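Shown here: upload-v2.cif, mmCIF, C-alpha atoms.
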```
data_work
#
loop_
_atom_site.label_atom_id
_atom_site.label_comp_id
_atom_site.auth_asym_id
_atom_site.auth_seq_id
_atom_site.Cartn_x
_atom_site.Cartn_y
_atom_site.Cartn_z
CA MET B 1 91.82 41.73 -11.18
CA GLU B 2 93.77 44.46 -9.41
CA SER B 3 97.55 44.02 -9.32
CA SER B 4 97.40 44.30 -5.50
CA ASP B 5 95.33 41.08 -5.41
CA TYR B 6 98.17 38.86 -6.63
CA ILE B 7 101.90 38.38 -7.00
CA TYR B 8 103.76 36.53 -9.72
CA GLY B 9 107.11 34.82 -10.12
CA ILE B 10 108.44 31.81 -8.27
CA ARG B 11 110.88 33.59 -5.94
CA ALA B 12 108.37 36.33 -5.08
CA ILE B 13 105.76 33.74 -4.14
CA ILE B 14 108.24 31.77 -2.01
CA GLU B 15 109.21 34.93 -0.14
CA ALA B 16 105.56 35.89 0.41
CA ILE B 17 104.76 32.47 1.87
CA GLU B 18 107.82 32.53 4.11
CA ALA B 19 106.73 35.99 5.30
CA ASP B 20 103.37 34.44 6.33
CA LYS B 21 101.34 36.45 3.84
CA GLU B 22 97.75 35.18 3.56
CA ILE B 23 97.76 33.29 0.26
CA ASP B 24 94.36 32.11 -0.96
CA LYS B 25 95.57 29.85 -3.76
CA VAL B 26 98.35 29.50 -6.31
CA PHE B 27 97.87 29.05 -10.05
CA LEU B 28 100.60 26.99 -11.71
CA LYS B 29 100.86 26.30 -15.42
CA LYS B 30 100.23 22.68 -16.28
CA ASP B 31 103.83 21.90 -17.23
CA PHE B 32 105.27 23.89 -14.32
CA GLN B 33 108.94 23.08 -13.81
CA GLY B 34 112.25 24.78 -13.34
CA GLU B 35 115.08 25.37 -10.93
CA LEU B 36 112.94 26.69 -8.09
CA SER B 37 109.80 24.67 -8.83
CA ALA B 38 110.58 21.87 -6.34
CA GLU B 39 111.20 24.42 -3.57
CA LEU B 40 107.92 26.20 -4.26
CA LEU B 41 105.90 22.98 -4.54
CA GLY B 42 107.39 21.68 -1.30
CA LEU B 43 106.50 24.91 0.49
CA LEU B 44 102.95 24.87 -0.87
CA ARG B 45 102.45 21.31 0.39
CA GLN B 46 103.97 22.15 3.75
CA ARG B 47 101.69 25.15 4.28
CA HIS B 48 98.63 23.38 2.80
CA ILE B 49 98.06 26.15 0.27
CA PRO B 50 95.64 25.14 -2.51
CA VAL B 51 97.20 24.75 -5.95
CA GLN B 52 95.36 24.85 -9.25
CA ARG B 53 97.01 23.71 -12.49
CA VAL B 54 95.88 25.90 -15.37
CA PRO B 55 96.79 26.55 -19.01
CA VAL B 56 99.40 29.24 -19.46
CA GLU B 57 96.77 31.31 -21.31
CA ARG B 58 94.89 31.77 -18.05
CA LEU B 59 98.00 33.10 -16.34
CA ASN B 60 98.59 35.45 -19.27
CA ARG B 61 95.10 36.86 -18.83
CA ILE B 62 96.01 37.86 -15.28
CA THR B 63 99.35 39.42 -16.21
CA ARG B 64 101.49 39.61 -19.34
CA LYS B 65 104.62 40.09 -17.26
CA ASN B 66 107.16 37.32 -16.62
CA HIS B 67 105.14 35.20 -14.20
CA GLN B 68 107.36 32.11 -14.69
CA GLY B 69 104.26 29.92 -14.70
CA ALA B 70 103.20 30.84 -11.16
CA ILE B 71 100.71 33.39 -9.81
CA ALA B 72 99.55 33.57 -6.18
CA LEU B 73 96.26 35.16 -5.17
CA PHE B 74 96.18 37.02 -1.88
CA SER B 75 93.27 36.56 0.47
CA ALA B 76 91.43 39.77 1.32
CA VAL B 77 90.89 38.53 4.87
CA THR B 78 92.95 36.83 7.54
CA TYR B 79 91.46 33.40 8.07
CA ASP B 80 90.44 32.38 11.56
CA ARG B 81 90.83 28.87 12.95
CA LEU B 82 87.73 26.96 13.93
CA ASP B 83 89.49 25.30 16.88
CA TYR B 84 90.31 28.79 18.18
CA LEU B 85 86.96 30.40 17.34
CA VAL B 86 84.71 27.81 19.01
CA PRO B 87 86.21 27.99 22.54
CA ARG B 88 86.55 31.77 22.23
CA LEU B 89 82.82 32.17 21.66
CA TYR B 90 82.02 30.04 24.70
CA GLU B 91 84.52 31.96 26.82
CA GLU B 92 82.85 35.24 25.80
CA GLY B 93 79.44 33.89 26.85
CA ILE B 94 78.04 34.09 23.31
CA MET B 95 75.29 31.75 22.13
CA PRO B 96 77.18 30.62 19.03
CA PHE B 97 75.81 30.71 15.51
CA ILE B 98 77.96 29.37 12.67
CA VAL B 99 77.24 28.97 8.94
CA VAL B 100 79.06 26.22 7.03
CA LEU B 101 79.28 26.61 3.24
CA ASP B 102 79.93 23.35 1.41
CA GLY B 103 81.11 23.85 -2.17
CA ILE B 104 79.96 27.44 -2.67
CA THR B 105 82.13 28.75 -5.51
CA ASP B 106 80.19 31.75 -6.83
CA VAL B 107 81.69 34.92 -5.36
CA ARG B 108 78.39 36.81 -5.60
CA ASN B 109 76.51 34.18 -3.64
CA PHE B 110 79.28 34.01 -1.08
CA GLY B 111 79.38 37.78 -0.69
CA ALA B 112 75.59 37.97 -0.32
CA ILE B 113 75.60 35.23 2.31
CA ALA B 114 78.39 36.98 4.21
CA ARG B 115 76.50 40.26 4.14
CA THR B 116 73.34 38.69 5.55
CA ALA B 117 75.33 36.66 8.07
CA GLU B 118 76.98 39.78 9.48
CA CYS B 119 73.59 41.48 9.77
CA CYS B 120 72.19 38.43 11.58
CA GLY B 121 74.98 38.29 14.12
CA VAL B 122 76.51 35.08 12.77
CA ASN B 123 79.77 34.40 14.59
CA GLY B 124 81.66 32.83 11.71
CA LEU B 125 81.61 31.25 8.28
CA VAL B 126 83.29 27.92 7.58
CA ILE B 127 84.47 27.04 4.08
CA ALA B 128 86.60 24.26 2.61
CA GLN B 129 90.19 24.86 1.65
CA ARG B 130 89.60 23.22 -1.73
CA GLY B 131 86.59 23.48 -4.02
CA SER B 132 85.38 26.68 -2.41
CA VAL B 133 85.19 30.35 -3.23
CA SER B 134 88.28 32.55 -3.04
CA VAL B 135 87.91 35.27 -0.44
CA GLY B 136 89.39 38.04 -2.53
CA ALA B 137 88.62 41.68 -3.09
CA ASP B 138 85.55 40.85 -5.19
CA ALA B 139 84.06 38.83 -2.34
CA VAL B 140 84.66 41.66 0.14
CA LYS B 141 83.07 44.16 -2.24
CA THR B 142 80.03 41.94 -2.83
CA SER B 143 79.64 41.48 0.92
CA ALA B 144 79.48 45.29 1.32
CA GLY B 145 82.47 45.04 3.64
CA ALA B 146 80.90 42.42 5.93
CA LEU B 147 83.92 40.15 5.50
CA HIS B 148 86.03 42.71 7.33
CA TYR B 149 84.00 41.93 10.46
CA LEU B 150 82.94 38.31 10.04
CA PRO B 151 85.43 35.55 10.89
CA VAL B 152 86.04 33.07 8.07
CA CYS B 153 87.50 29.66 8.87
CA ARG B 154 89.01 27.75 5.95
CA GLU B 155 89.23 24.06 6.82
CA ARG B 156 91.12 21.28 5.08
CA ASN B 157 88.43 18.71 5.96
CA LEU B 158 84.91 20.13 6.05
CA ALA B 159 83.33 16.92 7.34
CA GLY B 160 85.91 16.92 10.13
CA ALA B 161 85.05 20.54 10.91
CA VAL B 162 81.37 19.62 11.20
CA ARG B 163 82.25 16.75 13.52
CA PHE B 164 84.30 19.18 15.61
CA LEU B 165 81.28 21.47 15.93
CA LYS B 166 79.10 18.54 17.01
CA ASP B 167 81.65 17.43 19.56
CA ASN B 168 81.58 20.95 21.00
CA GLY B 169 77.84 21.06 21.55
CA TYR B 170 76.55 22.49 18.27
CA LYS B 171 73.37 21.28 16.64
CA VAL B 172 74.34 20.93 12.98
CA VAL B 173 71.44 21.54 10.58
CA ALA B 174 71.63 20.62 6.90
CA VAL B 175 69.45 22.81 4.68
CA THR B 176 68.34 20.75 1.69
CA GLU B 177 65.33 20.58 -0.59
CA LYS B 178 65.49 16.79 -0.19
CA ALA B 179 64.39 16.98 3.45
CA ASP B 180 60.77 16.55 4.56
CA PHE B 181 61.08 18.53 7.80
CA ASN B 182 59.89 22.16 7.60
CA TYR B 183 62.64 24.56 8.67
CA THR B 184 60.29 26.54 10.93
CA LYS B 185 59.77 23.47 13.13
CA GLY B 186 63.44 23.19 14.00
CA ASP B 187 64.85 24.43 17.30
CA TYR B 188 67.76 26.86 16.83
CA SER B 189 67.83 28.33 20.32
CA GLY B 190 71.09 26.63 21.36
CA PRO B 191 74.50 26.56 19.71
CA VAL B 192 73.75 25.97 16.03
CA ALA B 193 75.56 25.53 12.74
CA LEU B 194 73.64 25.80 9.48
CA VAL B 195 75.06 23.89 6.51
CA MET B 196 74.36 25.23 3.01
CA GLY B 197 75.42 23.29 -0.07
CA ALA B 198 76.35 24.16 -3.63
CA GLU B 199 73.46 24.96 -5.95
CA ASP B 200 74.34 22.25 -8.46
CA VAL B 201 75.11 19.27 -6.21
CA GLY B 202 73.99 20.37 -2.75
CA ILE B 203 75.70 19.23 0.44
CA SER B 204 78.34 16.55 -0.07
CA PRO B 205 77.54 13.06 1.29
CA ALA B 206 80.45 13.14 3.77
CA VAL B 207 79.24 16.41 5.30
CA MET B 208 75.57 15.42 5.16
CA GLU B 209 76.35 12.28 7.15
CA MET B 210 77.76 14.41 9.96
CA CYS B 211 74.65 16.61 10.29
CA ASP B 212 72.21 16.14 13.18
CA THR B 213 69.09 17.01 11.24
CA ARG B 214 67.88 18.02 7.79
CA VAL B 215 65.37 20.77 7.07
CA SER B 216 63.83 22.24 3.93
CA ILE B 217 62.20 25.51 2.90
CA PRO B 218 58.74 24.91 1.35
CA MET B 219 58.43 25.54 -2.39
CA PHE B 220 55.14 26.48 -4.08
CA GLY B 221 56.23 27.46 -7.58
CA ASN B 222 57.50 25.54 -10.58
CA ILE B 223 61.20 25.95 -9.79
CA GLY B 224 62.62 23.32 -7.48
CA SER B 225 65.00 25.35 -5.34
CA LEU B 226 65.97 28.82 -4.15
CA ASN B 227 69.23 30.58 -4.91
CA VAL B 228 71.60 29.51 -2.13
CA SER B 229 72.13 33.05 -0.85
CA VAL B 230 68.36 33.55 -0.57
CA ALA B 231 67.90 30.19 1.16
CA ALA B 232 70.71 31.04 3.57
CA GLY B 233 69.05 34.38 4.32
CA VAL B 234 65.72 32.69 5.07
CA MET B 235 67.41 30.23 7.43
CA MET B 236 69.55 32.78 9.21
CA TYR B 237 66.59 35.03 9.94
CA GLU B 238 64.62 32.05 11.27
CA VAL B 239 67.41 31.59 13.81
CA VAL B 240 67.22 35.31 14.63
CA ARG B 241 63.41 35.17 14.95
CA GLN B 242 63.47 32.24 17.34
CA ARG B 243 66.18 33.74 19.50
CA LEU B 244 64.42 37.12 19.67
CA ASN B 245 61.20 35.39 20.68
CA ALA B 246 63.04 33.42 23.35
CA ASP B 247 64.58 36.64 24.73
CA MET B 248 61.18 38.33 24.79
CA ALA B 249 59.66 35.38 26.65
CA VAL B 250 62.36 35.63 29.31
CA ASP B 251 61.80 39.39 29.71
#
```
As structure tokens:
Amino acid sequence: MESSDYIYGIRAIIEAIEADKEIDKVFLKKDFQGELSAELLGLLRQRHIPVQRVPVERLNRITRKNHQGAIALFSAVTYDRLDYLVPRLYEEGIMPFIVVLDGITDVRNFGAIARTAECCGVNGLVIAQRGSVSVGADAVKTSAGALHYLPVCRERNLAGAVRFLKDNGYKVVAVTEKADFNYTKGDYSGPVALVMGAEDVGISPAVMEMCDTRVSIPMFGNIGSLNVSVAAGVMMYEVVRQRLNADMAVD
């Protein structure tokens, strides 16, 4: 990890937060305490910044300097807000296309999805504030720079974010191998949000319940599922295909 990706020390982290720096998450040692600890913890709760308690050995692997039991990771992007992005897209006359990532933690998968999403004209990615990938320098590099152009919304409540999309006219489509409906039979011509789940557990029940429909990609081999970045690519280009065909029919 590059030293520019993080800061360490309780006072330095407090000052960064108060200066509105984009903090992705904060690592605190398990027995974190001290004179300034209450001030930092209060500020982290107030700003809803994710905190992860870790053994001090993990902090020492990041830096051997006097971190005081606290290291903050900077985000490589400035997060957008879904409640700002959605009306903005409508105001600009864009047929919106959003991808929601539920529990994706692998930075390579996230970067690959972001790269394909940018190429497909996706208008934004939605991730959860907790239990999701960190959008750091590695993610930007894996995305081939796509994350510099693609809005990322980090939401405290992903199920609530999906409900918000539905309430604003989006068709929310869950992509899951458990569905019986072939993805090519879906209609993605209107405002659409694709939901992709983690490879190990899939889409969480709370988010799945919010989805309008469930689709699957047919499998013909011995392995039961595709890598999530590949599945996302298949789905995104199906949306592109349908919309291109619709434009050609109008012309």
Apply the PyMOL selection byres ((chain B and resi 70) around 12) to the file shown and report the selected residues as a PyMOL selection string. chain B and resi 6-14+25-34+36-37+40-41+44+51-56+58-60+62-63+65-69+71-73
Around (97.1, 31.9, 1.5) in the file's frame, which residues reach within 9 Å when counting all atoms listed in the file? Return as a ChimeraX atom specification? /B:17,20-26,47-50,72-75,78-79
Dump as a ChimeraX atom specification all residues having an atom at most 8 Å from (87.2, 26.5, -6.8), computed in the file's coordinates with all atoms listed in the file. /B:105,130-134
Can you spit out the residues from that selection as a PDB file, in the frame of the given file, using C-alpha atoms?
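Just written: result.pdb:
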```pdb
ATOM      1  CA  THR B 105      82.130  28.750  -5.510  1.00  0.00           C
ATOM      2  CA  ARG B 130      89.600  23.220  -1.730  1.00  0.00           C
ATOM      3  CA  GLY B 131      86.590  23.480  -4.020  1.00  0.00           C
ATOM      4  CA  SER B 132      85.380  26.680  -2.410  1.00  0.00           C
ATOM      5  CA  VAL B 133      85.190  30.350  -3.230  1.00  0.00           C
ATOM      6  CA  SER B 134      88.280  32.550  -3.040  1.00  0.00           C
TER       7      SER B 134
END
```
Pull out every residue that the PyMOL selection byres ((chain B and resi 87-104) around 9) matches in the shown coordinates and put them as a ChimeraX atom specification. /B:82-86,105-107,109-110,117,121-128,130-133,158,162,168,170,189-199,201-204,207,228,232,236,239
Selected by the PyMOL selection byres ((chain B and resi 242) around 12) in the shown coordinates: which residues, as number ranges by chain? B: 183-190, 235-241, 243-249
Pairwise distance for atom CA of Phe181 of chain B and atom CA of Val215 of chain B, rounded to one decimal in Å: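 So the two atoms, atom CA of Phe181 of chain B and atom CA of Val215 of chain B, lie 4.9 Å apart.
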Between B:Phe164, B:Ser225, B:Arg154, B:Ala112, single out the one closest to Thr142 of chain B, counting all atoms listed in the file. B:Ala112
So which one's closest to Asp200 of chain B, B:Ala139, B:Thr213, B:Asn182, B:Asn227? Using all atoms listed in the file, please. B:Asn227
Of the candidates B:Met210, B:Glu118, B:Asp5, B:Ala38, which one gets nearest to Ala174 of chain B if we count only C-alpha atoms?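 Answer, going by the shortest atom-to-atom distance: B:Met210.
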Just the number, please: distance in Å from atom CA of Val135 of chain B to atom CA of Glu15 of chain B, one decimal. 21.3 Å
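The coordinates place atom CA of Lys171 of chain B at 14.3 Å from atom CA of Ala159 of chain B.
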Residue neighbourhood Val140 of chain B, 9 Å, all atoms listed in the file, exclusion window fewer than 4 positions, as a PDB file with C-alpha atoms, in the frame of the given file:
```pdb
ATOM      1  CA  ALA B  76      91.430  39.770   1.320  1.00  0.00           C
ATOM      2  CA  VAL B  77      90.890  38.530   4.870  1.00  0.00           C
ATOM      3  CA  GLY B 111      79.380  37.780  -0.690  1.00  0.00           C
ATOM      4  CA  ALA B 114      78.390  36.980   4.210  1.00  0.00           C
ATOM      5  CA  VAL B 135      87.910  35.270  -0.440  1.00  0.00           C
ATOM      6  CA  GLY B 136      89.390  38.040  -2.530  1.00  0.00           C
ATOM      7  CA  ALA B 144      79.480  45.290   1.320  1.00  0.00           C
ATOM      8  CA  GLY B 145      82.470  45.040   3.640  1.00  0.00           C
ATOM      9  CA  ALA B 146      80.900  42.420   5.930  1.00  0.00           C
ATOM     10  CA  LEU B 147      83.920  40.150   5.500  1.00  0.00           C
ATOM     11  CA  HIS B 148      86.030  42.710   7.330  1.00  0.00           C
TER      12      HIS B 148
END
```
